[in-house]
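Shown next, in structure tokens, is the structure this report addresses.
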Amino acid sequence: MSEATERRLQRAQAELRAGGAVLLRDDQADVLALSPERASPDRLAALAILTGAPADLLISRRRAALAGLVAPIEADDPRGVEPVAAPIRDISDPAWRLAADPTRSDDGTAARERALGRLRPAGRASAAAIALAKRAGLLPALVSVELPSGRLPGGASALDPVIIEAKLLKEGQIAAGRLKRVAEARVPLADAENCRIIAFRPSDGGPEHLAIVVGEPAADAPILARLHSECFTGDLLGSLRCDCGEQLKGAIRTMAAAGGGVVLYMAQEGRGIGLINKLRAYDLQDRGLDTVDANLALGFEADERDFRPAAEMLRALGHQRIRLLTNNPAKVQALGAHGIEVVERVPHAFPANGHNAGYLSTKARRAGHML
Ligand SMILES: Nc1nc2c(ncn2[C@@H]2O[C@H](COP(=O)(O)OP(=O)(O)OP(=O)(O)O)[C@@H](O)[C@H]2O)c(=O)[nH]1
Ligand SMILES: [Zn+2]
């Protein structure tokens, strides 16, 4: 992806996060969209009167099914990620927001049905809009109108959208930004006095990833490595809802004792959905959903992470062969697919505490974790 394209993608994300409009261009039809959790009522109202047809709520089919708007589908049904559009009968009636955000208190399917018209499949530009919202750390739900391809009516240009080609956001094909090693320092840790932190910045302006180099990892043999996704609550606060804090500190201790290793500390909070959405997922878990269903209920996949940057960091550090501390077979598979040879999976499980037993057993039962 060219630098100009990467910048435009970042601008589109920032615009949505700031409550502004984005226009996804596609030769089927263009889609002009706002994030309902960020856009002001005035902007939403301006969008709703733009074309004569009502504005749509854009969500995934799975989200729509869980909101009771279409027939239920299985958790692993690939149709779950398809976008659907539901006309919003009255943009000023907050009831339609219940279908966008399951953490809002809900007075039932009847209210959602009252607020929204008949659902229809949405096209490529809509799918791209949802992918953009996910990248922006927002709920994957948008308010949108369809516009004829390539045209920007006067009312639409008044919303001053960032314009971007929908095909750039094709699911699974967004190139992760190339990483540049930008800073490095010695940082003695309580459990590993000989430790360096190396920061990598992606060319697309996304968040930085860190390599925590413990001791002296061998240059000519497979090194101990851990691919660790950021967890503010577990890593920093010692939350008992998950096992992340113990896994992070445990990995550093194991590497220090072994003479060396590398923790890749990836800016992928909440398995890639961001901290705010993880807190929403926790709220849903307190109402009875498990960690997988909570992600699905919000409109995300169970795991939204891209492990390519981790492979790129290992390569940049000169480590193509590793012994990976993990219980997650998807990490072994993904690193392998991106050119890193995982010569051994080193189990990395810690005893459950009084709060995370359900979380750990769900990961084993539904995400294939080897515990
Ligand atoms: N969406 C969501 N994310 C969670 C939840 N609990 C923890 N996380 C996140 O899950 C990620 C866990 O990352 P890791 O420990 O690297 O990965 P893992 O898939 O558990 O695999 P291993 O620990 O290597 O076995 C972190 O980004 C956490 O923030 C949850 O209930 N919902
Ligand atoms: Zn955690």
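Going by the structure tokens order, chains are called A, B, ..., each with residues numbered from 1, while ligands are numbered from 1 in the order shown.
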Check the DSSP output for the backbone and give back, as a PyMOL selection string, the residues of segment 95-327 of chain A in helix (DSSP H, G or I). chain A and resi 95-100+109-115+124-135+154-158+166-169+232-236+244-258+269-272+275-286+291-298+308-316
Rows by chain and residue number, chain A within 8 Å of ligand 2, shortest pair, only C-alpha atoms and all ligand atoms, as JSON lines:
```
{"residue": "A:Glu230", "atom": "CA", "partner": "ligand 2", "partner_atom_place_in_ligand_line": "1 (Zn)", "distance": 7.6}
{"residue": "A:Cys231", "atom": "CA", "partner": "ligand 2", "partner_atom_place_in_ligand_line": "1 (Zn)", "distance": 4.6}
{"residue": "A:Phe232", "atom": "CA", "partner": "ligand 2", "partner_atom_place_in_ligand_line": "1 (Zn)", "distance": 7.2}
{"residue": "A:Thr233", "atom": "CA", "partner": "ligand 2", "partner_atom_place_in_ligand_line": "1 (Zn)", "distance": 6.1}
{"residue": "A:Gly234", "atom": "CA", "partner": "ligand 2", "partner_atom_place_in_ligand_line": "1 (Zn)", "distance": 4.3}
{"residue": "A:Asp235", "atom": "CA", "partner": "ligand 2", "partner_atom_place_in_ligand_line": "1 (Zn)", "distance": 6.6}
{"residue": "A:Ser239", "atom": "CA", "partner": "ligand 2", "partner_atom_place_in_ligand_line": "1 (Zn)", "distance": 7.2}
{"residue": "A:Arg241", "atom": "CA", "partner": "ligand 2", "partner_atom_place_in_ligand_line": "1 (Zn)", "distance": 7.0}
{"residue": "A:Cys242", "atom": "CA", "partner": "ligand 2", "partner_atom_place_in_ligand_line": "1 (Zn)", "distance": 4.5}
{"residue": "A:Asp243", "atom": "CA", "partner": "ligand 2", "partner_atom_place_in_ligand_line": "1 (Zn)", "distance": 5.7}
{"residue": "A:Cys244", "atom": "CA", "partner": "ligand 2", "partner_atom_place_in_ligand_line": "1 (Zn)", "distance": 4.2}
{"residue": "A:Gly245", "atom": "CA", "partner": "ligand 2", "partner_atom_place_in_ligand_line": "1 (Zn)", "distance": 6.6}
{"residue": "A:Gly270", "atom": "CA", "partner": "ligand 2", "partner_atom_place_in_ligand_line": "1 (Zn)", "distance": 7.5}
```
Among the residues A:Ala297, A:Ala256, A:Leu227, A:Ala71, the one that comes closest to ligand 1 [using only C-alpha atoms and all ligand atoms]: A:Leu227
Neighbours of segment 90-98 of chain A within 9 Å (only C-alpha atoms; same-chain residues fewer than 6 positions away dropped), as a list in words?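 Contacts, with the query itself left out: Pro36, Glu37, Pro41, Leu44, Ala45, Ala48, Pro54, Ala55, Leu57, Ala67, Arg104, Ser105, Asp106, Asp107, Gly108, Ala111, Arg112, Glu113, Arg114, Ala115 and Leu116 of chain A.
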Selection above as a file: N, CA and C atoms, as a short mmCIF file (atom, residue, chain, number, x, y, z; two decimals), in the first residue's frame:
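What landed in out19.cif:
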```cif
data_model
loop_
_atom_site.label_atom_id
_atom_site.label_comp_id
_atom_site.auth_asym_id
_atom_site.auth_seq_id
_atom_site.Cartn_x
_atom_site.Cartn_y
_atom_site.Cartn_z
N PRO A 36 -22.48 6.05 14.77
CA PRO A 36 -23.54 6.54 15.66
C PRO A 36 -23.07 6.79 17.08
N GLU A 37 -21.96 6.15 17.49
CA GLU A 37 -21.50 6.42 18.86
C GLU A 37 -20.69 7.71 18.94
N PRO A 41 -26.11 14.44 17.03
CA PRO A 41 -27.48 14.28 16.51
C PRO A 41 -27.71 15.14 15.26
N LEU A 44 -26.17 13.36 12.26
CA LEU A 44 -26.97 12.18 11.90
C LEU A 44 -28.25 12.63 11.20
N ALA A 45 -28.85 13.71 11.70
CA ALA A 45 -30.09 14.20 11.09
C ALA A 45 -29.82 14.70 9.67
N ALA A 48 -29.60 11.81 7.42
CA ALA A 48 -30.88 11.12 7.23
C ALA A 48 -31.78 11.80 6.20
N PRO A 54 -34.70 6.82 3.69
CA PRO A 54 -34.17 6.90 5.06
C PRO A 54 -32.71 6.44 5.14
N ALA A 55 -31.99 6.94 6.12
CA ALA A 55 -30.63 6.43 6.37
C ALA A 55 -30.74 5.00 6.89
N LEU A 57 -29.13 1.69 9.17
CA LEU A 57 -28.17 1.20 10.15
C LEU A 57 -27.44 0.04 9.48
N ALA A 67 -29.64 -9.39 17.48
CA ALA A 67 -30.60 -8.35 17.89
C ALA A 67 -32.03 -8.77 17.58
N ARG A 104 -26.53 -1.28 25.60
CA ARG A 104 -27.58 -0.35 26.03
C ARG A 104 -28.73 -1.14 26.61
N SER A 105 -29.39 -0.56 27.63
CA SER A 105 -30.48 -1.33 28.22
C SER A 105 -31.62 -1.39 27.20
N ASP A 106 -32.17 -2.55 27.11
CA ASP A 106 -33.00 -2.91 25.98
C ASP A 106 -34.41 -3.23 26.43
N ASP A 107 -35.42 -2.68 25.72
CA ASP A 107 -36.77 -3.12 26.06
C ASP A 107 -37.32 -4.13 25.06
N GLY A 108 -36.38 -4.86 24.44
CA GLY A 108 -36.83 -6.03 23.69
C GLY A 108 -36.85 -5.86 22.18
N ALA A 111 -39.09 -3.23 20.31
CA ALA A 111 -38.62 -1.84 20.17
C ALA A 111 -37.68 -1.73 18.98
N ARG A 112 -36.79 -2.72 18.81
CA ARG A 112 -35.85 -2.67 17.68
C ARG A 112 -36.61 -2.80 16.37
N GLU A 113 -37.63 -3.66 16.35
CA GLU A 113 -38.40 -3.83 15.11
C GLU A 113 -39.19 -2.58 14.78
N ARG A 114 -39.65 -1.89 15.81
CA ARG A 114 -40.42 -0.66 15.59
C ARG A 114 -39.50 0.40 14.96
N ALA A 115 -38.26 0.40 15.40
CA ALA A 115 -37.34 1.47 15.00
C ALA A 115 -36.76 1.28 13.61
N LEU A 116 -36.73 0.02 13.14
CA LEU A 116 -36.03 -0.28 11.89
C LEU A 116 -36.95 -0.94 10.88
#
```
Write out as an NGL selection string the residues lying within 8 Å of Ala86 of chain A, counting only C-alpha atoms and excluding same-chain residues fewer than 6 positions away. :A and (56-58 or 116-120)
Give me the residues within 12 Å of His228 of chain A as a PyMOL selection string, counting only C-alpha atoms and dropping any in the same chain fewer than 6 places off. chain A and resi 209-212+234-235+243-252+262-272+305+307+310+324-328+331+348
Ala75 of chain A: which residues within 9 Å, counting only C-alpha atoms, same-chain residues fewer than 2 positions away excluded, as a PyMOL selection string? chain A and resi 62+73+77-78+80+293+296
Residues just named, written with N, CA and C atoms as a compact mmCIF listing (two decimals), in the first residue's frame:
```
# COMPACT_ATOMS: atom_id res chain seq x y z
N ARG A 62 -24.63 -11.23 11.64
CA ARG A 62 -24.63 -11.87 12.96
C ARG A 62 -25.17 -10.93 14.03
N ILE A 73 -28.30 -17.36 13.42
CA ILE A 73 -27.32 -18.15 12.66
C ILE A 73 -26.27 -18.69 13.63
N ASP A 77 -20.99 -19.56 11.28
CA ASP A 77 -21.55 -19.39 9.93
C ASP A 77 -20.86 -18.22 9.23
N PRO A 78 -20.22 -18.49 8.07
CA PRO A 78 -19.48 -17.41 7.40
C PRO A 78 -20.37 -16.24 6.97
N GLY A 80 -22.19 -14.70 8.78
CA GLY A 80 -22.26 -13.78 9.91
C GLY A 80 -21.54 -12.46 9.68
N ASP A 293 -18.89 -15.24 22.75
CA ASP A 293 -20.21 -14.70 22.39
C ASP A 293 -20.31 -13.20 22.63
N LEU A 296 -18.94 -11.59 19.60
CA LEU A 296 -19.87 -11.76 18.48
C LEU A 296 -21.08 -10.84 18.65
```
In Å, with one decimal, what is the gap from atom CA of Gly339 of chain A to atom CA of Ala364 of chain A? 26.1 Å
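Considering the residues A:Ile59, A:Ala65, A:Leu159, A:Met313 and counting only C-alpha atoms, Ala127 of chain A has its shortest atom-to-atom contact with A:Ile59.
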Which residues are close to Ser60 of chain A, i.e. within 7 Å by only C-alpha atoms, leaving aside same-chain residues fewer than 2 positions away? Reply as a list of chain:residue names.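 Counting only C-alpha atoms, the residues come to A:Arg62, A:Arg63, A:Ala64, A:Gly80, A:Val81, A:Glu82, A:Pro83, A:Val84, A:Gly299.
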For the selection just defined, write its residues with N, CA and C atoms to a file, as a JSON list (two decimals), in the first residue's frame.
```
[["chain", "number", "residue", "atom", "x", "y", "z"],
["A", 62, "ARG", "N", -24.63, -11.23, 11.64],
["A", 62, "ARG", "CA", -24.63, -11.87, 12.96],
["A", 62, "ARG", "C", -25.17, -10.93, 14.03],
["A", 63, "ARG", "N", -24.73, -9.68, 13.97],
["A", 63, "ARG", "CA", -25.23, -8.68, 14.94],
["A", 63, "ARG", "C", -26.75, -8.54, 14.79],
["A", 64, "ALA", "N", -27.20, -8.53, 13.53],
["A", 64, "ALA", "CA", -28.65, -8.40, 13.28],
["A", 64, "ALA", "C", -29.40, -9.61, 13.83],
["A", 80, "GLY", "N", -22.19, -14.70, 8.78],
["A", 80, "GLY", "CA", -22.26, -13.78, 9.91],
["A", 80, "GLY", "C", -21.54, -12.46, 9.68],
["A", 81, "VAL", "N", -20.49, -12.47, 8.86],
["A", 81, "VAL", "CA", -19.72, -11.23, 8.65],
["A", 81, "VAL", "C", -20.31, -10.35, 7.53],
["A", 82, "GLU", "N", -21.27, -10.89, 6.78],
["A", 82, "GLU", "CA", -21.85, -10.08, 5.69],
["A", 82, "GLU", "C", -22.55, -8.85, 6.26],
["A", 83, "PRO", "N", -22.45, -7.71, 5.55],
["A", 83, "PRO", "CA", -23.14, -6.52, 6.05],
["A", 83, "PRO", "C", -24.62, -6.54, 5.66],
["A", 84, "VAL", "N", -25.45, -6.03, 6.55],
["A", 84, "VAL", "CA", -26.86, -5.84, 6.21],
["A", 84, "VAL", "C", -27.24, -4.40, 6.56],
["A", 299, "GLY", "N", -20.63, -7.52, 17.40],
["A", 299, "GLY", "CA", -20.46, -7.42, 15.94],
["A", 299, "GLY", "C", -19.04, -7.71, 15.50]]
```
I'd like to know which of A:Gly238, A:Gly260, A:Gly205, A:Gly354 is closest to ligand 1, using only C-alpha atoms and all ligand atoms.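 That would be A:Gly238, the residue with the smallest distance to ligand 1.
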Running DSSP on the backbone, which parts of segment 44-234 of chain A land in strand (DSSP E), as a PyMOL selection string? chain A and resi 56-60+83-87+120-121+142-147+162-165+179-186+195-202+209-215+223-229
Residue selection dump (C-alpha atoms) as a short mmCIF file (atom, residue, chain, number, x, y, z; two decimals), in the first residue's frame:
```cif
data_model
loop_
_atom_site.label_atom_id
_atom_site.label_comp_id
_atom_site.auth_asym_id
_atom_site.auth_seq_id
_atom_site.Cartn_x
_atom_site.Cartn_y
_atom_site.Cartn_z
CA ASP A 56 -29.65 2.82 7.13
CA LEU A 57 -28.17 1.20 10.15
CA LEU A 58 -25.28 -0.90 8.82
CA ILE A 59 -24.37 -3.92 10.91
CA SER A 60 -23.19 -7.48 10.34
CA PRO A 83 -23.14 -6.52 6.05
CA VAL A 84 -26.86 -5.84 6.21
CA ALA A 85 -28.71 -2.52 6.10
CA ALA A 86 -31.86 -1.67 8.01
CA PRO A 87 -33.69 1.60 7.27
CA ARG A 120 -31.57 -6.07 3.10
CA PRO A 121 -28.10 -7.31 2.18
CA LEU A 142 -22.70 2.77 11.11
CA VAL A 143 -25.43 5.07 9.95
CA SER A 144 -25.21 5.43 6.20
CA VAL A 145 -26.83 6.38 2.93
CA GLU A 146 -26.12 4.91 -0.48
CA LEU A 147 -25.09 7.33 -3.23
CA VAL A 162 -12.88 11.70 3.88
CA ILE A 163 -13.13 9.76 0.63
CA ILE A 164 -11.58 6.33 0.34
CA GLU A 165 -11.74 3.38 -2.05
CA LEU A 179 7.43 -1.65 10.66
CA LYS A 180 10.40 0.59 11.32
CA ARG A 181 12.64 0.12 14.30
CA VAL A 182 12.62 3.60 15.85
CA ALA A 183 13.93 3.59 19.41
CA GLU A 184 15.73 1.30 21.78
CA ALA A 185 16.76 1.52 25.44
CA ARG A 186 18.00 -0.52 28.36
CA CYS A 195 16.51 -6.15 29.49
CA ARG A 196 16.09 -3.89 26.47
CA ILE A 197 12.95 -2.48 24.93
CA ILE A 198 12.88 -1.90 21.18
CA ALA A 199 10.00 0.10 19.68
CA PHE A 200 8.61 -0.48 16.19
CA ARG A 201 6.41 2.05 14.45
CA PRO A 202 4.12 0.97 11.58
CA HIS A 209 4.52 -2.46 18.97
CA LEU A 210 7.34 -3.29 21.40
CA ALA A 211 9.94 -6.02 21.60
CA ILE A 212 11.05 -6.74 25.17
CA VAL A 213 14.43 -8.41 24.77
CA VAL A 214 15.29 -10.31 27.94
CA GLY A 215 18.94 -11.30 28.56
CA ILE A 223 14.96 -18.54 20.91
CA LEU A 224 12.24 -18.51 23.56
CA ALA A 225 9.59 -16.06 22.38
CA ARG A 226 6.18 -14.92 23.49
CA LEU A 227 3.68 -13.09 21.32
CA HIS A 228 1.68 -11.15 23.90
CA SER A 229 -1.30 -8.98 23.02
#
```
Give me, please, the distance in Å between atom 9 (C, counted along the ligand's line) of ligand 1 and atom CA of Ala330 of chain A, quoted to one decimal.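 Between atom 9 (C, counted along the ligand's line) of ligand 1 and atom CA of Ala330 of chain A the gap works out to 14.4 Å.
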